[in-house]
Structures are given as structure tokens and as C-alpha cells.
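Colleague: So here's target-v6.cif (mmCIF, C-alpha atoms and all ligand atoms).
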data_final
#
loop_
_atom_site.label_atom_id
_atom_site.label_comp_id
_atom_site.auth_asym_id
_atom_site.auth_seq_id
_atom_site.Cartn_x
_atom_site.Cartn_y
_atom_site.Cartn_z
CA MET Q 24 26.11 92.53 -191.40
CA LEU Q 25 27.40 94.48 -188.37
CA THR Q 26 25.56 97.41 -186.84
CA LEU Q 27 27.03 99.83 -184.36
CA GLY Q 28 24.38 100.93 -181.85
CA ILE Q 29 24.58 104.13 -179.80
CA GLU Q 30 22.34 104.96 -176.83
CA SER Q 31 22.48 108.10 -174.68
CA SER Q 32 18.84 109.01 -174.07
CA CYS Q 33 19.04 109.21 -170.27
CA ASP Q 34 21.82 108.28 -167.86
CA GLU Q 35 23.57 105.33 -169.50
CA THR Q 36 26.22 105.85 -172.18
CA SER Q 37 26.16 102.73 -174.30
CA ALA Q 38 27.71 101.41 -177.51
CA ALA Q 39 27.22 97.95 -179.00
CA ILE Q 40 28.09 95.84 -182.00
CA VAL Q 41 25.45 93.37 -183.16
CA ALA Q 42 25.69 90.87 -186.02
CA GLU Q 43 22.67 90.23 -188.26
CA GLY Q 44 20.45 92.07 -185.77
CA ARG Q 45 20.61 89.22 -183.28
CA ARG Q 46 24.03 88.19 -182.07
CA VAL Q 47 25.49 90.63 -179.56
CA LEU Q 48 29.25 90.83 -180.11
CA ALA Q 49 29.73 93.70 -177.66
CA ASN Q 50 27.49 95.75 -175.38
CA VAL Q 51 29.29 98.40 -173.34
CA VAL Q 52 27.17 100.27 -170.80
CA ALA Q 53 28.76 103.08 -168.79
CA THR Q 54 26.30 103.90 -166.05
CA GLN Q 55 26.19 107.33 -164.45
CA GLU Q 56 24.17 106.17 -161.46
CA ASP Q 57 26.74 107.32 -158.88
CA LEU Q 58 26.70 110.86 -160.31
CA HIS Q 59 22.93 111.18 -159.85
CA VAL Q 60 22.44 109.36 -156.52
CA PRO Q 61 23.17 112.49 -154.40
CA TYR Q 62 20.31 114.29 -156.17
CA GLY Q 63 17.78 111.45 -155.86
CA GLY Q 64 17.20 111.36 -159.62
CA VAL Q 65 18.74 112.08 -163.01
CA VAL Q 66 20.03 115.65 -163.42
CA PRO Q 67 19.89 116.40 -167.19
CA GLU Q 68 22.88 118.74 -167.27
CA ILE Q 69 25.10 116.28 -165.40
CA ALA Q 70 23.87 113.46 -167.66
CA CYS Q 71 24.78 115.12 -170.94
CA ARG Q 72 28.21 116.21 -169.70
CA ALA Q 73 28.95 112.64 -168.60
CA HIS Q 74 27.84 111.33 -172.02
CA LEU Q 75 30.41 113.62 -173.62
CA VAL Q 76 33.15 112.07 -171.50
CA GLU Q 77 32.02 108.46 -171.85
CA MET Q 78 30.82 108.17 -175.44
CA VAL Q 79 34.05 107.76 -177.42
CA PRO Q 80 35.65 105.35 -174.88
CA ALA Q 81 32.42 103.27 -174.94
CA ILE Q 82 32.55 103.00 -178.75
CA ARG Q 83 36.25 102.12 -178.70
CA LYS Q 84 35.66 99.42 -176.09
CA ALA Q 85 32.69 97.98 -178.01
CA LEU Q 86 34.83 97.65 -181.14
CA ARG Q 87 37.63 96.04 -179.13
CA ASP Q 88 35.26 93.58 -177.42
CA ALA Q 89 33.77 92.63 -180.78
CA GLY Q 90 37.20 92.28 -182.40
CA ALA Q 91 36.05 94.71 -185.10
CA GLU Q 92 37.31 97.88 -186.75
CA LEU Q 93 35.19 100.89 -187.56
CA ASP Q 94 35.45 99.96 -191.23
CA ASP Q 95 33.74 96.61 -190.57
CA VAL Q 96 30.57 98.37 -189.46
CA ASP Q 97 27.78 98.35 -192.08
CA GLY Q 98 25.55 100.95 -190.45
CA VAL Q 99 25.25 103.25 -187.44
CA ALA Q 100 22.01 103.07 -185.42
CA VAL Q 101 21.30 105.72 -182.81
CA VAL Q 102 18.45 106.57 -180.43
CA HIS Q 103 17.17 109.98 -181.45
CA ARG Q 104 13.92 110.01 -179.43
CA PRO Q 105 12.46 110.13 -176.82
CA GLY Q 106 14.73 111.18 -173.97
CA LEU Q 107 16.60 114.08 -172.39
CA ILE Q 108 17.39 116.42 -175.23
CA GLY Q 109 20.97 117.26 -174.24
CA SER Q 110 21.76 113.60 -173.68
CA LEU Q 111 20.20 112.52 -176.99
CA LEU Q 112 22.21 115.14 -178.86
CA VAL Q 113 25.52 113.68 -177.68
CA GLY Q 114 24.73 110.23 -179.11
CA LEU Q 115 23.10 111.61 -182.24
CA THR Q 116 25.97 113.94 -183.08
CA THR Q 117 28.48 111.14 -182.52
CA ALA Q 118 26.47 108.79 -184.77
CA LYS Q 119 26.08 111.38 -187.53
CA THR Q 120 29.79 112.17 -187.44
CA LEU Q 121 30.76 108.50 -187.70
CA ALA Q 122 28.24 107.78 -190.46
CA TRP Q 123 29.47 110.76 -192.46
CA ALA Q 124 33.17 110.10 -191.90
CA LEU Q 125 32.88 106.37 -192.69
CA ASP Q 126 30.34 106.89 -195.46
CA LYS Q 127 28.00 104.35 -193.84
CA PRO Q 128 24.21 104.57 -193.53
CA LEU Q 129 22.68 106.25 -190.46
CA VAL Q 130 19.52 104.88 -188.82
CA GLY Q 131 17.38 106.71 -186.25
CA VAL Q 132 15.87 104.39 -183.62
CA GLU Q 133 13.00 105.02 -181.19
CA HIS Q 134 14.12 104.17 -177.70
CA ILE Q 135 10.83 102.56 -176.60
CA LEU Q 136 10.67 100.24 -179.61
CA ALA Q 137 14.31 99.31 -179.05
CA HIS Q 138 13.36 98.13 -175.52
CA LEU Q 139 10.88 95.72 -177.10
CA TYR Q 140 13.51 94.38 -179.45
CA ALA Q 141 15.73 93.36 -176.48
CA ALA Q 142 13.83 90.06 -176.29
CA ALA Q 143 15.15 89.08 -179.74
CA LEU Q 144 18.83 89.52 -178.83
CA ASP Q 145 20.94 86.37 -178.55
CA CYS Q 146 17.76 84.41 -179.18
CA ASP Q 147 17.00 82.00 -182.02
CA ASP Q 148 13.21 81.98 -181.58
CA ASP Q 149 10.89 83.99 -183.70
CA ILE Q 150 9.21 86.46 -181.35
CA TYR Q 151 6.75 88.13 -183.75
CA PRO Q 152 3.86 88.75 -184.15
CA ALA Q 153 3.26 89.64 -180.51
CA VAL Q 154 1.89 92.05 -177.97
CA GLY Q 155 4.74 94.13 -176.52
CA LEU Q 156 4.83 95.74 -173.08
CA VAL Q 157 7.51 98.35 -172.34
CA VAL Q 158 7.95 99.16 -168.67
CA SER Q 159 10.71 101.65 -167.97
CA GLY Q 160 11.47 104.75 -165.95
CA GLY Q 161 9.92 107.01 -168.56
CA HIS Q 162 7.37 104.79 -170.30
CA THR Q 163 4.67 102.23 -169.78
CA SER Q 164 3.26 101.29 -173.17
CA LEU Q 165 1.47 98.40 -174.82
CA TYR Q 166 1.98 97.69 -178.53
CA ARG Q 167 0.81 95.26 -181.09
CA CYS Q 168 3.99 94.24 -182.91
CA ARG Q 169 3.56 92.64 -186.32
CA SER Q 170 7.33 92.78 -186.79
CA PRO Q 171 10.16 94.73 -185.10
CA ILE Q 172 9.46 97.69 -187.38
CA ASP Q 173 5.69 97.41 -187.78
CA THR Q 174 4.10 98.33 -184.47
CA GLU Q 175 0.83 99.87 -183.34
CA LEU Q 176 0.41 101.62 -179.99
CA LEU Q 177 -2.50 100.15 -177.97
CA GLY Q 178 -2.12 102.28 -174.85
CA SER Q 179 0.36 104.09 -172.65
CA THR Q 180 0.77 105.89 -169.38
CA THR Q 181 -1.38 108.91 -168.69
CA ASP Q 182 0.84 110.11 -165.83
CA ASP Q 183 3.67 108.33 -163.96
CA ALA Q 184 5.41 105.46 -165.75
CA ALA Q 185 5.80 102.19 -163.82
CA GLY Q 186 9.51 102.75 -163.12
CA GLU Q 187 8.84 106.35 -162.11
CA ALA Q 188 6.28 105.09 -159.57
CA PHE Q 189 8.86 102.63 -158.19
CA ASP Q 190 11.41 105.44 -157.92
CA LYS Q 191 9.00 107.86 -156.24
CA VAL Q 192 7.70 105.30 -153.76
CA ALA Q 193 11.27 104.26 -152.91
CA LYS Q 194 12.13 107.89 -152.21
CA LEU Q 195 9.07 108.16 -150.00
CA LEU Q 196 10.11 105.05 -148.07
CA GLY Q 197 13.63 106.46 -147.67
CA LEU Q 198 15.16 103.75 -149.86
CA GLY Q 199 17.16 106.02 -152.17
CA TYR Q 200 17.60 106.08 -155.94
CA PRO Q 201 17.05 104.24 -158.24
CA GLY Q 202 14.06 102.78 -156.48
CA GLY Q 203 13.09 99.76 -158.56
CA PRO Q 204 15.89 97.37 -157.58
CA VAL Q 205 15.68 98.20 -153.87
CA ILE Q 206 11.88 97.84 -153.72
CA ASP Q 207 12.24 94.52 -155.54
CA ARG Q 208 14.73 93.41 -152.86
CA MET Q 209 12.82 94.73 -149.83
CA ALA Q 210 9.54 93.27 -151.12
CA ARG Q 211 10.92 89.73 -150.89
CA ASP Q 212 10.66 89.91 -147.08
CA GLY Q 213 7.37 91.81 -147.04
CA ASP Q 214 3.71 90.81 -146.87
CA ARG Q 215 2.05 91.53 -150.23
CA THR Q 216 -1.38 91.56 -148.61
CA ALA Q 217 -0.49 93.97 -145.79
CA HIS Q 218 -2.07 96.94 -147.61
CA ASP Q 219 -4.86 96.83 -150.13
CA PHE Q 220 -3.61 99.50 -152.54
CA PRO Q 221 -5.72 100.49 -155.55
CA ARG Q 222 -5.24 98.65 -158.84
CA PRO Q 223 -5.69 101.41 -161.43
CA PHE Q 224 -7.18 99.54 -164.40
CA LEU Q 225 -9.03 102.65 -165.70
CA ALA Q 226 -11.86 101.68 -168.09
CA PRO Q 227 -12.31 97.91 -168.48
CA ASP Q 228 -11.29 97.98 -172.14
CA SER Q 229 -8.50 100.56 -171.73
CA PHE Q 230 -4.85 99.75 -172.36
CA ASP Q 231 -3.71 103.03 -170.83
CA PHE Q 232 -1.96 103.12 -167.48
CA SER Q 233 -2.03 105.48 -164.50
CA PHE Q 234 0.18 104.98 -161.46
CA SER Q 235 0.16 108.39 -159.82
CA GLY Q 236 -2.94 107.62 -157.68
CA LEU Q 237 -1.31 104.44 -156.43
CA LYS Q 238 1.81 106.40 -155.49
CA THR Q 239 -0.36 108.91 -153.60
CA ALA Q 240 -2.15 106.04 -151.81
CA VAL Q 241 1.25 104.80 -150.57
CA LEU Q 242 2.14 108.35 -149.50
CA TYR Q 243 -1.06 108.67 -147.44
CA LYS Q 244 -0.59 105.22 -145.92
CA CYS Q 245 2.95 106.14 -144.83
CA LYS Q 246 2.37 109.64 -143.58
CA GLY Q 247 -1.35 109.84 -142.90
CA GLN Q 248 -3.91 111.93 -144.79
CA PRO Q 249 -3.00 115.56 -145.40
CA PRO Q 250 -4.90 117.92 -143.12
CA GLY Q 251 -8.01 119.33 -144.79
CA ARG Q 252 -9.58 117.28 -147.56
CA GLY Q 253 -8.79 118.40 -151.08
CA LYS Q 254 -6.14 120.84 -149.90
CA ALA Q 255 -2.60 120.74 -151.22
CA PRO Q 256 -0.56 118.54 -148.90
CA GLU Q 257 1.97 120.10 -146.57
CA PRO Q 258 4.40 117.27 -146.00
CA GLY Q 259 6.14 118.98 -143.09
CA ARG Q 260 2.92 118.94 -141.08
CA TRP Q 261 2.02 115.34 -141.66
CA GLU Q 262 1.93 112.71 -138.96
CA GLY Q 263 3.63 109.39 -139.52
CA GLY Q 264 6.95 108.51 -141.14
CA GLY Q 265 9.65 106.62 -139.27
CA LEU Q 266 8.44 103.21 -140.44
CA SER Q 267 10.19 100.12 -139.13
CA GLU Q 268 12.08 97.88 -141.57
CA ARG Q 269 9.22 95.36 -141.41
CA GLU Q 270 6.66 98.07 -142.22
CA VAL Q 271 8.76 99.33 -145.14
CA ALA Q 272 9.03 95.78 -146.50
CA ASP Q 273 5.25 95.31 -146.25
CA MET Q 274 4.65 98.66 -147.93
CA ALA Q 275 7.10 97.81 -150.73
CA ALA Q 276 5.60 94.35 -151.28
CA SER Q 277 2.00 95.62 -151.30
CA PHE Q 278 2.84 98.48 -153.67
CA GLN Q 279 4.80 96.20 -156.01
CA GLU Q 280 1.95 93.67 -156.07
CA ALA Q 281 -0.53 96.38 -157.12
CA VAL Q 282 1.73 97.52 -159.99
CA VAL Q 283 2.36 93.95 -161.09
CA ASP Q 284 -1.37 93.09 -161.01
CA VAL Q 285 -2.08 95.94 -163.41
CA LEU Q 286 0.85 95.24 -165.76
CA VAL Q 287 0.10 91.52 -165.98
CA GLY Q 288 -3.66 92.06 -166.26
CA LYS Q 289 -3.36 94.56 -169.09
CA ALA Q 290 -0.67 92.64 -170.99
CA VAL Q 291 -2.65 89.39 -170.90
CA GLY Q 292 -5.83 91.33 -171.73
CA ALA Q 293 -4.13 92.82 -174.80
CA CYS Q 294 -3.09 89.34 -175.99
CA LYS Q 295 -6.68 88.14 -175.62
CA ARG Q 296 -8.15 91.18 -177.36
CA THR Q 297 -5.75 91.10 -180.31
CA GLY Q 298 -5.58 87.31 -180.52
CA GLU Q 299 -1.79 87.42 -180.36
CA GLU Q 300 -0.21 84.33 -178.83
CA ARG Q 301 3.10 85.89 -177.90
CA LEU Q 302 4.02 88.52 -175.32
CA ILE Q 303 7.28 90.50 -175.38
CA ILE Q 304 8.42 92.52 -172.35
CA GLY Q 305 11.13 95.20 -172.24
CA GLY Q 306 12.45 98.10 -170.14
CA GLY Q 307 14.19 98.45 -166.79
CA VAL Q 308 11.14 97.34 -164.77
CA ALA Q 309 11.24 94.02 -166.66
CA CYS Q 310 14.15 93.20 -164.29
CA ASN Q 311 11.59 93.01 -161.46
CA SER Q 312 11.56 89.49 -160.05
CA ARG Q 313 7.90 89.49 -158.99
CA LEU Q 314 6.79 90.81 -162.39
CA ARG Q 315 8.82 88.11 -164.15
CA GLU Q 316 7.37 85.42 -161.88
CA ARG Q 317 3.76 86.57 -162.30
CA LEU Q 318 4.12 86.96 -166.08
CA GLU Q 319 5.40 83.40 -166.36
CA GLU Q 320 2.44 82.12 -164.32
CA ALA Q 321 -0.16 84.15 -166.23
CA CYS Q 322 1.25 83.32 -169.66
CA GLY Q 323 1.39 79.62 -168.73
CA GLU Q 324 -2.27 79.69 -167.65
CA ASN Q 325 -3.36 81.53 -170.79
CA ARG Q 326 -1.16 79.64 -173.28
CA ILE Q 327 0.74 82.76 -174.24
CA ARG Q 328 4.37 82.42 -175.25
CA LEU Q 329 6.37 84.80 -173.07
CA HIS Q 330 9.56 86.42 -174.39
CA LEU Q 331 11.40 87.98 -171.46
CA PRO Q 332 14.86 89.37 -172.26
CA PRO Q 333 17.72 88.41 -169.95
CA ARG Q 334 18.08 91.04 -167.23
CA LYS Q 335 21.23 92.51 -168.84
CA TYR Q 336 19.18 93.64 -171.88
CA CYS Q 337 16.24 95.14 -169.90
CA PRO Q 338 17.66 98.52 -168.80
CA ASP Q 339 18.98 101.04 -171.32
CA ASN Q 340 21.63 99.52 -173.60
CA ALA Q 341 22.86 99.95 -177.15
CA ALA Q 342 22.58 96.28 -178.18
CA MET Q 343 18.81 96.65 -178.49
CA VAL Q 344 19.41 99.78 -180.61
CA ALA Q 345 21.89 98.07 -182.94
CA GLY Q 346 19.52 95.09 -183.23
CA LEU Q 347 16.46 97.11 -184.18
CA GLY Q 348 18.64 99.35 -186.36
CA TYR Q 349 19.60 96.32 -188.46
CA HIS Q 350 15.92 95.75 -189.42
CA LEU Q 351 15.39 99.42 -190.25
CA LEU Q 352 18.54 99.40 -192.33
CA ARG Q 353 17.44 96.31 -194.25
CA ALA Q 354 14.05 97.92 -194.87
CA GLY Q 355 15.81 100.97 -196.31
CA ARG Q 356 14.57 103.19 -193.50
CA THR Q 357 17.79 105.15 -193.20
CA ALA Q 358 18.10 108.77 -192.14
CA ASP Q 359 20.12 111.68 -193.47
CA LEU Q 360 22.27 114.12 -191.52
CA ALA Q 361 19.23 116.31 -190.86
CA LEU Q 362 17.93 113.69 -188.39
CA ASP Q 363 16.97 115.56 -185.24
CA ALA Q 364 16.63 114.64 -181.58
CA ALA Q 365 13.21 114.91 -179.93
CA PRO Q 366 12.32 114.70 -176.25
CA ARG Q 367 9.00 112.87 -177.00
O1 LIG M 401 14.59 101.23 -169.16
P1 LIG M 401 15.32 101.99 -168.11
O2 LIG M 401 16.74 101.59 -167.83
O3 LIG M 401 15.36 103.52 -168.42
C1 LIG M 401 14.31 104.22 -169.05
O4 LIG M 401 14.18 104.11 -170.29
O5 LIG M 401 13.56 104.86 -168.29
O6 LIG M 401 14.44 101.88 -166.79
C2 LIG M 401 14.83 102.45 -165.58
C3 LIG M 401 13.74 102.16 -164.56
C4 LIG M 401 13.96 102.88 -163.26
O7 LIG M 401 12.76 103.54 -162.91
C5 LIG M 401 14.27 101.76 -162.27
O8 LIG M 401 13.84 102.03 -160.95
C6 LIG M 401 13.48 100.61 -162.88
O9 LIG M 401 13.69 100.75 -164.27
N1 LIG M 401 13.95 99.29 -162.43
C7 LIG M 401 13.20 98.43 -161.72
C8 LIG M 401 14.03 97.32 -161.42
N2 LIG M 401 15.26 97.56 -161.96
C9 LIG M 401 15.19 98.77 -162.59
N3 LIG M 401 11.92 98.51 -161.32
C10 LIG M 401 11.43 97.48 -160.60
N4 LIG M 401 12.16 96.40 -160.25
C11 LIG M 401 13.46 96.27 -160.64
N5 LIG M 401 14.16 95.20 -160.29
ZN ZN M 402 14.85 102.97 -171.52
#
Show me this structure written as C-alpha cells.
Ligand code: KG4
Ligand code: ZN
Modeller:
Amino acid sequence: MLTLGIESSCDETSAAIVAEGRRVLANVVATQEDLHVPYGGVVPEIACRAHLVEMVPAIRKALRDAGAELDDVDGVAVVHRPGLIGSLLVGLTTAKTLAWALDKPLVGVEHILAHLYAAALDCDDDIYPAVGLVVSGGHTSLYRCRSPIDTELLGSTTDDAAGEAFDKVAKLLGLGYPGGPVIDRMARDGDRTAHDFPRPFLAPDSFDFSFSGLKTAVLYKCKGQPPGRGKAPEPGRWEGGGLSEREVADMAASFQEAVVDVLVGKAVGACKRTGEERLIIGGGVACNSRLRERLEEACGENRIRLHLPPRKYCPDNAAMVAGLGYHLLRAGRTADLALDAAPR
């Protein structure tokens, strides 16, 4: 059974063909990164216009790479939430049109759950039941996953997502956008113990996350405390800035270590609490080398089986959408043409 996956929730236009929900025959990702770099972040209007340009060529290329025709496709799976509304609508409208024209079933996929499914792609192991941690630019969430389509939310971010914190701290350190990969790189030469940043675990039994205080702690360490306690900061008047390359590396490494401590601590804690013996990770931040290293160590020590997707399936891509779509399709969870996009 072949599923065509379509993803356009943020700034990647992606189309993929996946066989039996597992084998990736094609995964085309057209990134818009260069369009957004001058603005230091994703500009929604630019993103949805670029999706309009890139979507049909991405689908054509995916079919070519897979050696398939549109008629060979057994179902069309599309991310319809959450994401930027204009961007989502481009993928959703394309998927609806194809499903209607080809008379094939349409499946609506949740982006965050698709990230968790990435670990199953091109993989023969059974990865369920498991605890699932999604760490992306927009989300940091912990799930209990009984199967790919039977999941229960254990906790999520109360403010900044992990990737968002990486991006904001990178901006603060003058490292540009997107911040995650460059902090990852800089941190390799830095001292992780140079700064003792807070580890926001919240309540001891909480699986929620909060990274905005950590980001502010980095800001204060870089630029000094704002004048007048409790007052709104006036960045222009702050002392500091102009860090040396060594200082930036130390700051990046210490910040990254604090984020990783929390992510690993909560993920392992969730496995212990639920009794699950497997841990699945997904999302762009799952590319982070220190996070991958620490997860392997912690899972080894705690006899947890770790399922880390290859880096190519961690950021936004349509293969994970087609894969999860296959399971929804088989379960009869198809959608009609009234399927709507939703930002949350
Ligand atoms: O999953 P994703 O592609 O998009 C969303 O669904 O948000 O994740 C993008 C996020 C960005 O915040 C980016 O900075 C972060 O993933 N990221 C990383 C790394 N590579 C990408 N964060 C830390 N280390 C990395 N190596
Ligand atoms: Zn994502």
C-alpha cells in the first residue's frame, strides 16, 4: 500500500511516498531557510507563498523518485494541524484536490504525532508501546504511545519550546537563524560547566516544560541584569555584549547542557513512571548531537530501548506524515473534504 504524504505546516515544503507505512520510497524536502534568514525567523506570509510555488514540483519529484504514478497511490495523508494557518492551507488544499480528483481516501495527520512516527521509518523493529518525546521549534511534548495512533499526552511546554529556546539564545549570541544547528556546533568547543544555568524541572512529578526562564538567564549572563529590579528590560541600555568566540562557545555549551539535562531527565522519568521500556524521540531538536549522546547514555543506564530516528527524518518532512497516515488509513480514520486546518 502506498501513501502520499504532504507537509507544509511551517517552512519546509515536503512530499513523500511511503510503502506499508515503513519503507520510504521518496522524501522530497524543499527548505525555505534562505528566504527567512534575513528576518531572523519564519515570516508566515513568505512561507505560504513559497509553499504555493514549491508544492506541485515537490509532489512530482516524489513520484519520480519513487518510480510511481499518481494512480498507484492508495491514500493521501496531509498535516492539517498544528502550524502556520496559511502554510497548512496550501498543503491541505493540495491534498484535498488530489484525493478528490483521484478518488482516493484523504487522511488528516497531526504534525506532532507524525514527528514521533519518524523513528519507525526504514526500521524493522517494533517501537511501541513507548514513551515519546517531541522536541521541535514549536513543541516540546511527552506522550505515552500505545501505538502510532493511540497516544496520551503526559506533558508539554508551558512557554518556549526547546527549539524556540535554541533559536532565541542563538539570536542573542549573534549566531543567526536557525539557532539549533549552530549552537550544537559551537557547543562542541565550549565548556559545559562554565555557567550554572537553571534546570527548569517545575514540580518533581510534572512532565511539563518551561524554557523561557533559562533563555532569560542566558540573556542576563550575556548582557548583565537590566537596570531596576522587576522593571521591563531596556536592551539598549544594558552593559555587556561583545562576547569573544570562546565566551560564546561556553555560553552555548552551558545553555545546551541545561536544556539536555531537563529533556533527558523528564523523558527517563516518564519511562519510569509509566513502566514503558521504550523511548521514541522526534522533532528538529532530536538532531542535537549532545542530546543524542546523553539519551543513549541514560537509556543504557536505565535499560530503556531508545528509538532515535536518523537525522534526515528529525526535522519537518512528509515521510513521517505518509507513514503515520498509513496507520490511520488502515484504522479507517479517514477524513472528508470538510477537513479544516487549525493553528493549534
Ligand atoms: O521539527 P522542526 O523542523 O520544526 C518544527 O516543527 O518546529 O524543528 C525545528 C527546530 C528549530 O528550532 C531548530 O533550531 C531546531 O529544530 N534544531 C536543532 C538542531 N537542528 C535543528 N536544535 C538543536 N540542535 C540541533 N542540531
Ligand atoms: Zn515539526
Colleague: Q:Trp123, Q:Tyr166, Q:Tyr336, Q:Phe232: which is nearest Q:Val285, counting all atoms listed in the file?
Modeller: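 Comparing Q:Trp123, Q:Tyr166, Q:Tyr336, Q:Phe232 against Q:Val285, the winner is Q:Phe232.
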Colleague: Under the rule that all atoms listed in the file are counted, which of Q:Ile69, Q:Ala142, Q:Leu362, Q:Val308 is the nearest residue to ligand ZN 402 (chain M)?
Modeller: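 Counting all atoms listed in the file, the residue closest to ligand ZN 402 (chain M) is Q:Val308.
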Colleague: Taking all atoms listed in the file and a cut-off of 9 Å, can you tell me which residues surround ligand LIG 401 (chain M), written as a count of residues only?
Modeller: 48
Colleague: To one decimal place, how far is atom CA of Q:Ile40 from atom CA of Q:Arg87 in Å?
Modeller: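 Rounded to one decimal, the two atoms are 10.0 Å apart.
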Colleague: Which residues of stretch 76-100 of chain Q come within 12 Å of stretch 350-355 of chain Q, and what is each one's closest atom pair and distance in Å (one decimal), counting only C-alpha atoms, sorted by chain and residue number, as a tab-separated table?
Modeller:
residue	atom	partner	partner_atom	distance
Q:Asp97	CA	Q:Leu352	CA	9.3
Q:Gly98	CA	Q:Leu352	CA	7.4
Q:Val99	CA	Q:Leu352	CA	9.2
Q:Ala100	CA	Q:Leu352	CA	8.6
Colleague: Once you have the residues from the selection above, write them out as a PDB file, keeping the file's coordinate frame, restricted to C-alpha atoms.
Modeller:
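Ended up saving to selection_4.pdb:
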ATOM      1  CA  ASP Q  97      27.780  98.350-192.080  1.00  0.00           C
ATOM      2  CA  GLY Q  98      25.550 100.950-190.450  1.00  0.00           C
ATOM      3  CA  VAL Q  99      25.250 103.250-187.440  1.00  0.00           C
ATOM      4  CA  ALA Q 100      22.010 103.070-185.420  1.00  0.00           C
TER       5      ALA Q 100
END
Colleague: Could you tell me how far atom CA of Q:Lys84 lies from atom CA of Q:Ala137, in Å and to one decimal?
Modeller: 21.6 Å
Colleague: Please report, as JSON, the centre and edge lengths in Å to one decimal of an axis-aligned box covering all listed atoms of stretch 351-359 of chain Q with 8 Å per side.
Modeller:
{"center_x": 17.1, "center_y": 104.0, "center_z": -193.3, "size_x": 22.1, "size_y": 31.4, "size_z": 22.1}
Colleague: When distances are computed from all atoms listed in the file, which of Q:Ala42, Q:Ala122, Q:Ala272, Q:Thr36 shows the smallest separation from Q:Pro80?
Modeller: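 Checking each candidate against Q:Pro80, we get Q:Thr36 as the closest.
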Colleague: With distances taken over all atoms listed in the file, which residue among Q:Gly247, Q:Gly346, Q:Gly90, Q:Pro105 lies nearest ligand ZN 402 (chain M)?
Modeller: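 Selected residue with least distance to ligand ZN 402 (chain M): Q:Pro105.
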Colleague: In Å, how far is it from atom CA of Q:Val132 to atom CA of Q:Glu56?
Modeller: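 These atoms are spaced 23.7 Å apart.
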Colleague: Find the residues near Q:Arg269: any atom within 10 Å, counting only C-alpha atoms, skip ones fewer than 4 places away on the same chain, and give them as a PyMOL selection string.
Modeller: chain Q and resi 209-210+212-214+273-275
Colleague: Which residues, written as JSON, numbers by chain, have at least one atom at most 12 Å from Q:Thr26, with all atoms listed in the file counted and residues fewer than 6 positions away on the same chain left out?
Modeller: {"Q": [38, 39, 40, 41, 42, 43, 44, 45, 46, 47, 48, 49, 50, 85, 86, 89, 91, 92, 93, 94, 95, 96, 97, 98, 99, 100, 101, 118, 122, 127, 128, 129, 130, 341, 342, 343, 344, 345, 346, 347, 348, 349, 350, 351, 352, 353]}
Colleague: Could you rebuild stretch 50-64 of chain Q with N, CA, C and O atoms and give me the result as a PDB file, in the coordinates of the input?
Modeller:
ATOM      1  N   ASN Q  50      28.525  94.845-175.913  1.00  0.00           N
ATOM      2  CA  ASN Q  50      27.490  95.750-175.380  1.00  0.00           C
ATOM      3  C   ASN Q  50      28.084  96.464-174.172  1.00  0.00           C
ATOM      4  O   ASN Q  50      28.106  95.926-173.072  1.00  0.00           O
ATOM      5  N   VAL Q  51      28.618  97.651-174.402  1.00  0.00           N
ATOM      6  CA  VAL Q  51      29.290  98.400-173.340  1.00  0.00           C
ATOM      7  C   VAL Q  51      28.291  99.400-172.751  1.00  0.00           C
ATOM      8  O   VAL Q  51      27.709 100.201-173.483  1.00  0.00           O
ATOM      9  N   VAL Q  52      28.093  99.329-171.445  1.00  0.00           N
ATOM     10  CA  VAL Q  52      27.170 100.270-170.800  1.00  0.00           C
ATOM     11  C   VAL Q  52      27.923 100.980-169.678  1.00  0.00           C
ATOM     12  O   VAL Q  52      28.348 100.350-168.712  1.00  0.00           O
ATOM     13  N   ALA Q  53      28.117 102.297-169.837  1.00  0.00           N
ATOM     14  CA  ALA Q  53      28.760 103.080-168.790  1.00  0.00           C
ATOM     15  C   ALA Q  53      27.652 103.784-168.019  1.00  0.00           C
ATOM     16  O   ALA Q  53      27.008 104.691-168.533  1.00  0.00           O
ATOM     17  N   THR Q  54      27.402 103.309-166.813  1.00  0.00           N
ATOM     18  CA  THR Q  54      26.300 103.900-166.050  1.00  0.00           C
ATOM     19  C   THR Q  54      26.766 105.138-165.282  1.00  0.00           C
ATOM     20  O   THR Q  54      27.907 105.221-164.840  1.00  0.00           O
ATOM     21  N   GLN Q  55      25.859 106.080-165.171  1.00  0.00           N
ATOM     22  CA  GLN Q  55      26.190 107.330-164.450  1.00  0.00           C
ATOM     23  C   GLN Q  55      25.525 107.354-163.076  1.00  0.00           C
ATOM     24  O   GLN Q  55      25.472 108.406-162.438  1.00  0.00           O
ATOM     25  N   GLU Q  56      24.991 106.205-162.665  1.00  0.00           N
ATOM     26  CA  GLU Q  56      24.170 106.170-161.460  1.00  0.00           C
ATOM     27  C   GLU Q  56      24.783 106.934-160.280  1.00  0.00           C
ATOM     28  O   GLU Q  56      24.129 107.745-159.642  1.00  0.00           O
ATOM     29  N   ASP Q  57      26.089 106.699-160.040  1.00  0.00           N
ATOM     30  CA  ASP Q  57      26.740 107.320-158.880  1.00  0.00           C
ATOM     31  C   ASP Q  57      26.695 108.850-158.937  1.00  0.00           C
ATOM     32  O   ASP Q  57      26.650 109.522-157.902  1.00  0.00           O
ATOM     33  N   LEU Q  58      26.713 109.392-160.171  1.00  0.00           N
ATOM     34  CA  LEU Q  58      26.700 110.860-160.310  1.00  0.00           C
ATOM     35  C   LEU Q  58      25.342 111.443-159.900  1.00  0.00           C
ATOM     36  O   LEU Q  58      25.255 112.592-159.457  1.00  0.00           O
ATOM     37  N   HIS Q  59      24.275 110.647-160.090  1.00  0.00           N
ATOM     38  CA  HIS Q  59      22.930 111.180-159.850  1.00  0.00           C
ATOM     39  C   HIS Q  59      22.367 110.828-158.463  1.00  0.00           C
ATOM     40  O   HIS Q  59      21.443 111.489-158.003  1.00  0.00           O
ATOM     41  N   VAL Q  60      22.949 109.801-157.824  1.00  0.00           N
ATOM     42  CA  VAL Q  60      22.440 109.360-156.520  1.00  0.00           C
ATOM     43  C   VAL Q  60      22.302 110.517-155.515  1.00  0.00           C
ATOM     44  O   VAL Q  60      21.263 110.654-154.861  1.00  0.00           O
ATOM     45  N   PRO Q  61      23.308 111.417-155.397  1.00  0.00           N
ATOM     46  CA  PRO Q  61      23.170 112.490-154.400  1.00  0.00           C
ATOM     47  C   PRO Q  61      21.967 113.385-154.624  1.00  0.00           C
ATOM     48  O   PRO Q  61      21.498 114.050-153.700  1.00  0.00           O
ATOM     49  N   TYR Q  62      21.448 113.410-155.853  1.00  0.00           N
ATOM     50  CA  TYR Q  62      20.310 114.290-156.170  1.00  0.00           C
ATOM     51  C   TYR Q  62      18.975 113.545-156.148  1.00  0.00           C
ATOM     52  O   TYR Q  62      17.930 114.136-156.395  1.00  0.00           O
ATOM     53  N   GLY Q  63      19.015 112.236-155.932  1.00  0.00           N
ATOM     54  CA  GLY Q  63      17.780 111.450-155.860  1.00  0.00           C
ATOM     55  C   GLY Q  63      17.090 111.292-157.202  1.00  0.00           C
ATOM     56  O   GLY Q  63      15.908 110.971-157.264  1.00  0.00           O
ATOM     57  N   GLY Q  64      17.796 111.511-158.282  1.00  0.00           N
ATOM     58  CA  GLY Q  64      17.200 111.360-159.620  1.00  0.00           C
ATOM     59  C   GLY Q  64      18.177 111.875-160.657  1.00  0.00           C
ATOM     60  O   GLY Q  64      19.227 112.447-160.307  1.00  0.00           O
TER      61      GLY Q  64
END
